[in-house]
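**Q** You'll find run_26.txt just under this line, and it carries compact mmCIF, C-alpha atoms.
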```txt
# COMPACT_ATOMS: atom_id res chain seq x y z
CA MET A 1 223.13 22.68 57.52
CA PHE A 2 219.69 21.20 58.19
CA GLN A 3 220.08 19.02 55.12
CA LYS A 4 223.31 17.68 56.53
CA ILE A 5 221.72 16.90 59.89
CA PHE A 6 218.75 15.31 58.16
CA ALA A 7 221.00 13.23 55.91
CA TRP A 8 222.96 12.03 58.96
CA LEU A 9 219.78 11.01 60.78
CA ASP A 10 218.17 9.60 57.64
CA GLU A 11 221.13 7.30 56.99
CA ARG A 12 220.78 5.86 60.50
CA LEU A 13 217.00 5.92 61.03
CA GLY A 14 215.72 5.37 57.50
CA LEU A 15 213.34 8.35 57.76
CA THR A 16 212.86 8.58 54.00
CA THR A 17 211.92 4.91 53.83
CA ILE A 18 209.42 5.35 56.68
CA TYR A 19 207.92 8.35 54.89
CA GLU A 20 207.69 6.52 51.57
CA VAL A 21 206.13 3.41 53.08
CA THR A 22 203.65 5.12 55.41
CA LEU A 23 202.65 8.33 53.67
CA ASP A 24 203.83 8.24 50.04
CA ARG A 25 201.64 5.30 49.14
CA LYS A 26 199.77 4.78 45.91
CA VAL A 27 196.10 5.47 46.54
CA PRO A 28 193.07 5.13 44.27
CA LYS A 29 191.03 8.22 43.46
CA VAL A 30 188.84 8.60 46.52
CA ASN A 31 186.61 11.22 48.12
CA TRP A 32 186.23 13.10 51.38
CA PHE A 33 184.59 10.12 53.12
CA PHE A 34 188.04 8.51 53.09
CA THR A 35 189.35 11.14 55.52
CA LEU A 36 187.22 9.88 58.42
CA GLY A 37 189.88 7.41 59.57
CA SER A 38 192.53 10.13 59.75
CA ALA A 39 190.01 12.34 61.50
CA SER A 40 189.44 9.58 64.08
CA LEU A 41 193.18 9.28 64.63
CA PHE A 42 193.52 13.05 65.00
CA LEU A 43 190.71 13.11 67.57
CA PHE A 44 192.32 10.22 69.47
CA VAL A 45 195.55 12.21 69.74
CA LEU A 46 193.67 15.40 70.67
CA GLN A 47 191.72 13.54 73.38
CA GLY A 48 194.98 12.03 74.59
CA VAL A 49 196.72 15.41 74.91
CA THR A 50 193.77 17.22 76.53
CA GLY A 51 193.16 14.21 78.78
CA MET A 52 196.75 14.25 79.98
CA LEU A 53 196.36 17.96 80.71
CA LEU A 54 193.18 17.29 82.71
CA THR A 55 194.89 14.68 84.91
CA ILE A 56 197.24 17.43 86.13
CA TYR A 57 194.37 18.74 88.28
CA TYR A 58 191.65 16.10 88.29
CA VAL A 59 191.42 13.83 91.34
CA PRO A 60 189.45 10.56 91.01
CA SER A 61 188.02 10.56 94.50
CA PRO A 62 184.43 11.26 95.60
CA ASP A 63 185.81 13.89 97.98
CA HIS A 64 187.66 15.86 95.34
CA ALA A 65 186.48 14.90 91.84
CA TYR A 66 183.76 17.53 91.58
CA ASP A 67 185.77 20.28 93.32
CA SER A 68 188.88 19.59 91.27
CA ILE A 69 186.84 20.03 88.09
CA GLN A 70 185.35 23.27 89.44
CA TYR A 71 188.94 24.38 89.96
CA ILE A 72 189.86 23.41 86.39
CA MET A 73 186.87 25.39 85.08
CA ASN A 74 187.25 28.52 87.23
CA GLY A 75 190.69 28.56 88.82
CA VAL A 76 193.08 27.55 86.07
CA ALA A 77 193.97 29.58 82.99
CA PHE A 78 192.27 28.04 79.93
CA GLY A 79 190.95 25.16 82.04
CA TRP A 80 187.55 25.72 80.45
CA LEU A 81 189.15 25.38 77.03
CA VAL A 82 191.07 22.19 77.80
CA ARG A 83 188.03 20.53 79.37
CA GLY A 84 185.77 21.90 76.65
CA ILE A 85 187.93 20.40 73.90
CA HIS A 86 188.02 17.07 75.77
CA HIS A 87 184.25 17.14 76.34
CA TRP A 88 183.22 18.03 72.78
CA GLY A 89 186.07 16.04 71.26
CA ALA A 90 184.69 12.93 72.97
CA SER A 91 181.27 13.30 71.36
CA LEU A 92 182.85 14.17 68.03
CA MET A 93 185.14 11.15 68.19
CA VAL A 94 182.24 8.73 68.73
CA LEU A 95 180.48 10.40 65.80
CA VAL A 96 183.49 10.35 63.46
CA VAL A 97 184.46 6.77 64.35
CA PHE A 98 180.87 5.72 63.70
CA PHE A 99 180.76 7.47 60.31
CA HIS A 100 184.13 5.87 59.52
CA MET A 101 182.50 2.49 60.15
CA LEU A 102 179.46 3.41 58.00
CA ARG A 103 181.75 4.44 55.14
CA THR A 104 183.66 1.18 55.39
CA PHE A 105 180.41 -0.77 55.43
CA PHE A 106 178.61 0.96 52.58
CA PHE A 107 181.68 1.04 50.34
CA GLY A 108 182.29 -2.65 51.02
CA ALA A 109 185.80 -1.87 52.19
CA TYR A 110 185.60 -4.60 54.85
CA LYS A 111 185.71 -7.34 52.16
CA TYR A 112 188.71 -9.51 51.24
CA PRO A 113 191.53 -8.92 52.04
CA ARG A 114 190.52 -6.38 54.68
CA GLU A 115 188.32 -8.51 56.96
CA PHE A 116 190.80 -8.40 59.82
CA THR A 117 191.12 -4.62 59.50
CA TRP A 118 187.35 -4.52 60.06
CA VAL A 119 187.66 -6.78 63.12
CA THR A 120 190.26 -4.48 64.68
CA GLY A 121 187.97 -1.58 63.78
CA VAL A 122 185.15 -3.20 65.76
CA VAL A 123 187.48 -3.36 68.78
CA LEU A 124 188.36 0.30 68.26
CA LEU A 125 184.69 1.33 68.04
CA LEU A 126 183.85 -0.57 71.23
CA ALA A 127 186.89 0.84 73.04
CA THR A 128 185.87 4.34 71.93
CA LEU A 129 182.38 3.80 73.34
CA GLY A 130 184.02 2.44 76.50
CA MET A 131 186.02 5.65 76.75
CA GLY A 132 182.80 7.64 76.49
CA PHE A 133 181.08 5.50 79.12
CA THR A 134 183.94 5.59 81.66
CA GLY A 135 184.72 9.27 81.06
CA TYR A 136 181.12 10.24 81.68
CA LEU A 137 181.31 9.23 85.36
CA LEU A 138 184.47 11.17 86.15
CA PRO A 139 182.90 14.63 86.81
CA TRP A 140 181.03 12.89 89.67
CA ASN A 141 177.99 15.15 89.36
CA GLN A 142 174.33 14.10 89.39
CA LYS A 143 174.23 13.38 85.66
CA ALA A 144 177.40 11.30 85.83
CA TYR A 145 176.28 9.40 88.90
CA TRP A 146 172.87 8.44 87.55
CA ALA A 147 174.08 7.75 84.02
CA THR A 148 176.54 5.23 85.45
CA THR A 149 173.91 3.81 87.78
CA VAL A 150 171.69 3.18 84.77
CA GLY A 151 174.51 2.10 82.47
CA THR A 152 175.84 -0.51 84.86
CA ALA A 153 172.27 -1.63 85.62
CA ILE A 154 171.81 -2.28 81.88
CA ALA A 155 174.81 -4.58 82.05
CA GLY A 156 173.06 -6.15 85.04
CA SER A 157 170.08 -7.12 82.88
CA VAL A 158 172.13 -9.84 81.12
CA PRO A 159 170.59 -13.25 81.97
CA PHE A 160 172.31 -15.31 84.68
CA VAL A 161 175.66 -13.45 84.82
CA GLY A 162 174.23 -9.91 84.70
CA LYS A 163 174.33 -9.27 88.43
CA PHE A 164 177.93 -10.41 88.54
CA ILE A 165 178.95 -8.18 85.60
CA GLU A 166 177.20 -5.25 87.24
CA GLN A 167 179.11 -5.78 90.47
CA VAL A 168 182.41 -6.14 88.62
CA LEU A 169 181.76 -2.86 86.78
CA ARG A 170 180.78 -1.09 89.99
CA GLY A 171 183.37 -2.76 92.19
CA GLY A 172 180.61 -3.62 94.65
CA SER A 173 176.83 -3.58 94.81
CA GLY A 174 176.46 0.19 94.50
CA LEU A 175 178.37 3.15 93.11
CA SER A 176 181.23 4.19 95.36
CA ALA A 177 184.78 5.48 95.46
CA VAL A 178 185.78 2.06 94.12
CA THR A 179 183.61 2.60 91.05
CA LEU A 180 185.09 6.03 90.39
CA ALA A 181 188.65 4.75 90.79
CA ARG A 182 188.20 1.81 88.42
CA PHE A 183 186.39 3.91 85.82
CA PHE A 184 189.26 6.39 86.00
CA SER A 185 191.80 3.60 85.65
CA ALA A 186 189.98 2.16 82.65
CA HIS A 187 189.62 5.64 81.17
CA ILE A 188 193.25 6.72 81.38
CA TRP A 189 195.18 3.41 81.31
CA TRP A 190 193.44 0.28 80.07
CA LEU A 191 191.26 1.61 77.28
CA PRO A 192 193.84 4.06 75.87
CA ALA A 193 196.44 1.27 75.92
CA ILE A 194 194.06 -1.01 74.03
CA LEU A 195 193.18 1.80 71.61
CA ALA A 196 196.80 2.69 70.94
CA ALA A 197 197.82 -0.92 70.37
CA VAL A 198 194.88 -1.76 68.13
CA ILE A 199 195.25 1.52 66.20
CA GLY A 200 198.80 0.35 65.52
CA ILE A 201 197.56 -2.94 64.08
CA HIS A 202 194.76 -1.16 62.19
CA LEU A 203 197.21 1.27 60.56
CA TYR A 204 199.72 -1.46 59.80
CA MET A 205 197.03 -3.31 57.87
CA VAL A 206 195.96 -0.16 56.04
CA ILE A 207 199.58 0.41 54.98
CA ARG A 208 200.16 -3.26 54.12
CA LEU A 209 196.97 -3.75 52.12
CA GLY A 210 196.42 -0.25 50.80
CA ILE A 211 193.02 1.41 50.86
CA SER A 212 190.05 0.26 48.87
CA ALA A 213 188.70 2.21 45.92
CA VAL A 214 185.22 3.69 45.67
CA PRO A 215 183.05 0.82 44.41
CA THR A 216 181.89 1.04 40.80
CA GLU A 217 178.67 -0.22 39.25
CA GLU A 218 180.25 -3.53 38.35
CA ASP A 219 181.25 -4.23 41.96
CA MET B 1 203.67 21.51 34.74
CA PRO B 2 207.32 22.24 35.49
CA ASP B 3 207.16 25.78 34.11
CA SER B 4 203.84 26.80 35.66
CA PRO B 5 204.08 30.04 37.63
CA HIS B 6 201.43 28.73 40.04
CA MET B 7 202.06 26.34 42.86
CA ASN B 8 201.14 22.78 42.12
CA ARG B 9 198.65 20.70 44.00
CA ARG B 10 201.28 18.97 46.12
CA GLU B 11 202.82 22.27 47.26
CA PHE B 12 199.39 23.67 48.08
CA VAL B 13 198.43 20.63 50.17
CA THR B 14 201.77 20.74 52.00
CA ILE B 15 201.37 24.43 52.87
CA VAL B 16 197.75 24.07 53.96
CA THR B 17 198.57 21.02 56.09
CA ALA B 18 201.46 22.83 57.76
CA ALA B 19 199.37 25.96 58.36
CA VAL B 20 196.39 24.08 59.82
CA GLY B 21 198.71 21.91 61.91
CA THR B 22 200.48 24.97 63.28
CA ALA B 23 197.17 26.67 64.05
CA ILE B 24 195.90 23.65 65.97
CA GLY B 25 199.23 23.32 67.77
CA VAL B 26 199.06 26.97 68.84
CA VAL B 27 195.39 26.83 69.89
CA VAL B 28 196.04 23.81 72.12
CA GLY B 29 199.70 24.37 72.99
CA LEU B 30 199.76 27.99 74.16
CA PRO B 31 196.74 27.71 76.50
CA ALA B 32 198.27 24.47 77.81
CA ILE B 33 201.32 26.40 79.01
CA GLY B 34 199.14 28.84 80.97
CA TYR B 35 197.04 25.92 82.22
CA ILE B 36 200.07 24.15 83.65
CA LEU B 37 201.71 27.28 85.12
CA THR B 38 198.62 28.81 86.81
CA PRO B 39 199.15 27.48 90.38
CA ALA B 40 202.75 28.75 90.36
CA THR B 41 201.58 32.27 89.51
CA LYS B 42 199.07 32.36 92.37
CA THR B 43 201.20 32.78 95.48
CA GLN B 44 199.10 33.67 98.46
CA GLU B 45 200.33 36.23 100.89
CA SER B 46 200.06 35.58 104.58
CA ASP B 47 200.84 38.14 107.24
CA ALA B 48 199.73 37.56 110.81
CA TRP B 49 200.78 37.80 114.43
CA ILE B 50 200.64 34.34 115.95
CA PRO B 51 200.07 34.17 119.74
CA LEU B 52 202.31 31.65 121.47
CA GLY B 53 201.06 32.00 125.04
CA PRO B 54 202.53 33.65 128.14
CA LEU B 55 206.26 34.16 127.94
CA GLU B 56 206.75 32.87 131.48
CA ASN B 57 205.69 29.39 130.31
CA TYR B 58 208.96 29.08 128.42
CA PRO B 59 211.98 27.83 130.38
CA VAL B 60 215.12 29.91 130.47
CA GLY B 61 218.14 28.59 128.60
CA VAL B 62 216.48 25.67 126.86
CA PRO B 63 215.06 26.14 123.34
CA THR B 64 211.41 25.08 123.43
CA LEU B 65 209.58 24.05 120.28
CA MET B 66 206.12 25.50 119.76
CA SER B 67 204.07 24.56 116.76
CA PHE B 68 201.23 26.38 115.10
CA ALA B 69 199.13 25.70 112.03
CA ARG B 70 198.13 27.96 109.17
CA THR B 71 195.54 27.10 106.57
CA LYS B 72 195.42 28.24 103.00
CA VAL B 73 193.43 27.31 99.95
CA ASN B 74 195.39 25.34 97.38
CA GLY B 75 193.37 24.62 94.26
CA TRP B 76 190.21 22.81 95.39
CA GLU B 77 191.35 22.15 98.92
CA LYS B 78 192.09 23.97 102.15
CA THR B 79 195.46 22.79 103.36
CA ALA B 80 196.60 23.09 106.98
CA ASN B 81 200.35 23.44 107.26
CA SER B 82 202.16 23.01 110.53
CA TYR B 83 205.05 25.28 111.48
CA GLY B 84 207.54 25.05 114.29
CA VAL B 85 209.28 27.81 116.17
CA PHE B 86 211.96 27.48 118.85
CA VAL B 87 211.50 29.97 121.68
CA ILE B 88 214.81 30.63 123.39
CA ARG B 89 214.76 32.68 126.57
CA GLY B 90 218.08 33.92 127.77
CA GLU B 91 219.07 35.76 130.91
CA GLY B 92 216.93 38.79 131.72
CA ASP B 93 214.94 40.06 128.77
CA GLN B 94 216.90 38.18 126.14
CA LEU B 95 214.65 36.35 123.73
CA LYS B 96 215.03 34.68 120.34
CA THR B 97 212.46 32.98 118.15
CA LEU B 98 213.93 30.70 115.49
CA SER B 99 212.21 28.80 112.72
CA ASN B 100 212.89 25.05 112.89
CA VAL B 101 213.26 24.87 109.11
CA CYS B 102 216.83 23.99 108.16
CA THR B 103 218.26 26.56 105.77
CA HIS B 104 219.87 23.80 103.72
CA LEU B 105 216.94 21.87 102.21
CA SER B 106 214.03 22.51 104.57
CA CYS B 107 214.15 19.48 106.85
CA ARG B 108 213.14 20.28 110.45
CA VAL B 109 215.94 20.70 112.98
CA ASN B 110 215.88 19.32 116.55
CA TRP B 111 217.48 20.68 119.69
CA ASP B 112 220.18 18.37 121.02
CA ASP B 113 220.40 19.36 124.67
CA ALA B 114 223.51 17.26 125.37
CA ALA B 115 225.50 18.83 122.54
CA LYS B 116 223.80 22.20 123.02
CA GLU B 117 223.13 22.59 119.31
CA PHE B 118 220.35 22.35 116.76
CA LYS B 119 220.88 19.31 114.55
CA CYS B 120 219.32 18.58 111.24
CA PRO B 121 218.58 14.85 110.78
CA CYS B 122 218.91 14.97 107.01
CA HIS B 123 222.42 16.19 106.18
CA ASP B 124 224.10 16.78 109.52
CA ALA B 125 223.77 20.54 109.62
CA ALA B 126 224.47 21.91 113.09
CA PHE B 127 223.48 25.33 114.46
CA ASP B 128 224.31 26.93 117.80
CA ILE B 129 221.68 28.12 120.29
CA ASN B 130 221.42 31.46 118.50
CA GLY B 131 220.89 29.79 115.13
CA GLY B 132 224.44 30.43 113.94
CA ILE B 133 226.24 27.94 111.75
CA ILE B 134 228.51 25.42 113.53
CA LYS B 135 229.11 23.04 110.68
CA GLY B 136 227.33 21.47 107.73
CA PRO B 137 226.09 22.32 104.25
CA GLN B 138 223.65 25.07 105.22
CA PRO B 139 224.17 28.43 103.45
CA ARG B 140 222.93 30.69 106.28
CA PRO B 141 221.92 30.69 109.94
CA LEU B 142 218.44 29.62 111.03
CA ASP B 143 215.76 32.15 110.13
CA GLY B 144 214.32 34.15 112.99
CA TYR B 145 210.79 35.40 113.53
CA GLU B 146 210.05 38.97 114.47
CA PHE B 147 208.36 38.90 117.87
CA LYS B 148 206.67 41.13 120.42
CA ILE B 149 205.39 40.82 123.97
CA GLU B 150 201.88 42.06 124.72
CA GLU B 151 200.64 41.87 128.34
CA GLY B 152 203.11 39.09 129.05
CA ASN B 153 202.10 37.08 125.99
CA LEU B 154 204.55 36.20 123.21
CA LEU B 155 203.53 36.81 119.61
CA ILE B 156 205.53 36.14 116.47
CA HIS B 157 205.16 37.76 113.11
CA PHE B 158 204.36 35.17 110.44
CA VAL B 159 204.95 36.41 106.90
CA GLU B 160 204.72 34.31 103.76
CA GLY B 161 204.42 34.94 100.06
```
Show me, as structure tokens, the structure contained in the file I just sent.

**A**
Amino acid sequence: MFQKIFAWLDERLGLTTIYEVTLDRKVPKVNWFFTLGSASLFLFVLQGVTGMLLTIYYVPSPDHAYDSIQYIMNGVAFGWLVRGIHHWGASLMVLVVFFHMLRTFFFGAYKYPREFTWVTGVVLLLATLGMGFTGYLLPWNQKAYWATTVGTAIAGSVPFVGKFIEQVLRGGSGLSAVTLARFFSAHIWWLPAILAAVIGIHLYMVIRLGISAVPTEED
Amino acid sequence: MPDSPHMNRREFVTIVTAAVGTAIGVVVGLPAIGYILTPATKTQESDAWIPLGPLENYPVGVPTLMSFARTKVNGWEKTANSYGVFVIRGEGDQLKTLSNVCTHLSCRVNWDDAAKEFKCPCHDAAFDINGGIIKGPQPRPLDGYEFKIEEGNLLIHFVEG
């Protein structure tokens, strides 16, 4: 029965071909360090799911941001768990993505023909850090407020254009409702869209080029 | 190893992947259901007598709309909801207090004094002065409030939840 349904779908969608091309690839003998990319992808999906759950209650307004999070933590069943996973998952994702980059660097996996995969990886690392930076403001507590004050002021230290960049980031001269709204927008729309698109390119290149082997002494 | 009694590496990896995937799905998925449904499970009960002023303020024969507000805490915010009640004094001691919420889909009805009927602006429901159905899609007459008179003042019984 299920085989029949699967065969019907497979004939039309080419599921077996997709499986063979994406997952049933020939890979060199590698080690556990080569799982960091998959771990990054898993964490991206986990952050996406828990983030979508958080937006059910979170309100990106100075009036309600803090209270809505208090409600998530104390008023909603398993709110503490959803926010906890999102909170710790964020730190873990930065860590795992960074180790993924270190592995690629030290194993020389960025070399020909995978230079462009590395370039997309740089975008992904920066977007991940951007997610951390924008997400940090959203609780709108003292730590968030002052971290963003300092973070945007660092951008302001750029010669000549710094002040302008700082004001673009803040949406004005100081932190305000405008800042919170644009950080929220970047956090749930722009950066995830960039991440998803570039992850697509990144994975396409991994599938197209195959993964590199562990370097030997001759390399 | 086609004849090996043990599972091969591929089978083992498949089973472990499925088991871990299921475990993660359950750990995130089941709490997520409770997380989403929580506000629906927390209905707040409200039971109060709302004073609507001296009864003699209300004209005889013409339904008069009085509104009152009730607050309740929804999530992180205290919400003030406005309610309307038509006070209809008849001859002598006759009195009716009708909710202005249309029984069709909760739009608010208005009193049309020329036609002598309550009309709903949304889907043309019409009710007579006692709240009875004249025509329209509504399933039942207008809801009434329980009321009492204390020292000449009108009070209605507001129950919710």

**Q** Against chain A, which residues of chain B fall within 7 Å? For each one I want the closest pair of atoms and the distance in Å (one decimal), counting all atoms listed in the file, rows by chain and increasing residue number, as a Markdown table.

**A**
```
| residue | atom | partner | partner_atom | distance |
| --- | --- | --- | --- | --- |
| B:Pro31 | CA | A:Phe78 | CA | 5.6 |
| B:Gly34 | CA | A:Ala77 | CA | 5.6 |
| B:Tyr35 | CA | A:Ala77 | CA | 4.8 |
| B:Thr38 | CA | A:Val76 | CA | 5.7 |
| B:Gly75 | CA | A:Tyr71 | CA | 6.2 |
| B:Trp76 | CA | A:Ser68 | CA | 5.4 |
```

**Q** Those selected residues, please, written with C-alpha atoms and delivered as a PDB file, keeping the file's coordinate frame.

**A**
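See part10.pdb below for the written result:
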```
ATOM      1  CA  PRO B  31     196.740  27.710  76.500  1.00  0.00           C
ATOM      2  CA  GLY B  34     199.140  28.840  80.970  1.00  0.00           C
ATOM      3  CA  TYR B  35     197.040  25.920  82.220  1.00  0.00           C
ATOM      4  CA  THR B  38     198.620  28.810  86.810  1.00  0.00           C
ATOM      5  CA  GLY B  75     193.370  24.620  94.260  1.00  0.00           C
ATOM      6  CA  TRP B  76     190.210  22.810  95.390  1.00  0.00           C
TER       7      TRP B  76
END
```

**Q** I need every residue sitting at most 9 Å from the point (190.8, 10.8, 75.9) (coordinates as in the file, only C-alpha atoms considered), written as a list in words.

**A**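 Every residue inside that radius is included here: Leu43, Phe44, Val45, Leu46, Gln47, Gly48, Val49, Thr50, Gly51, Met52, His86, Gly89, Ala90, Met131, Gly132, Gly135, His187, Ile188 and Pro192 of chain A.
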
**Q** Near stretch 59-71 of chain B, counting only C-alpha atoms, which residues have an atom at most 9 Å away, once you skip same-chain residues fewer than 2 positions from it, shown as a ChimeraX atom specification?

**A** /B:50,52,55-57,73,78-91,97,100,110-111,113,116,129

**Q** Residues within 7 Å of B:Cys102, please, as number ranges by chain. Count only C-alpha atoms; anything in the same chain fewer than 6 positions from it doesn't count.

**A** B: 108-109, 120, 142

**Q** Between atom CA of A:Trp189 and atom CA of A:Phe164, what distance in Å does the model show, to one decimal?

**A**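 Atom-to-atom, atom CA of A:Trp189 and atom CA of A:Phe164 are spaced 23.3 Å apart.
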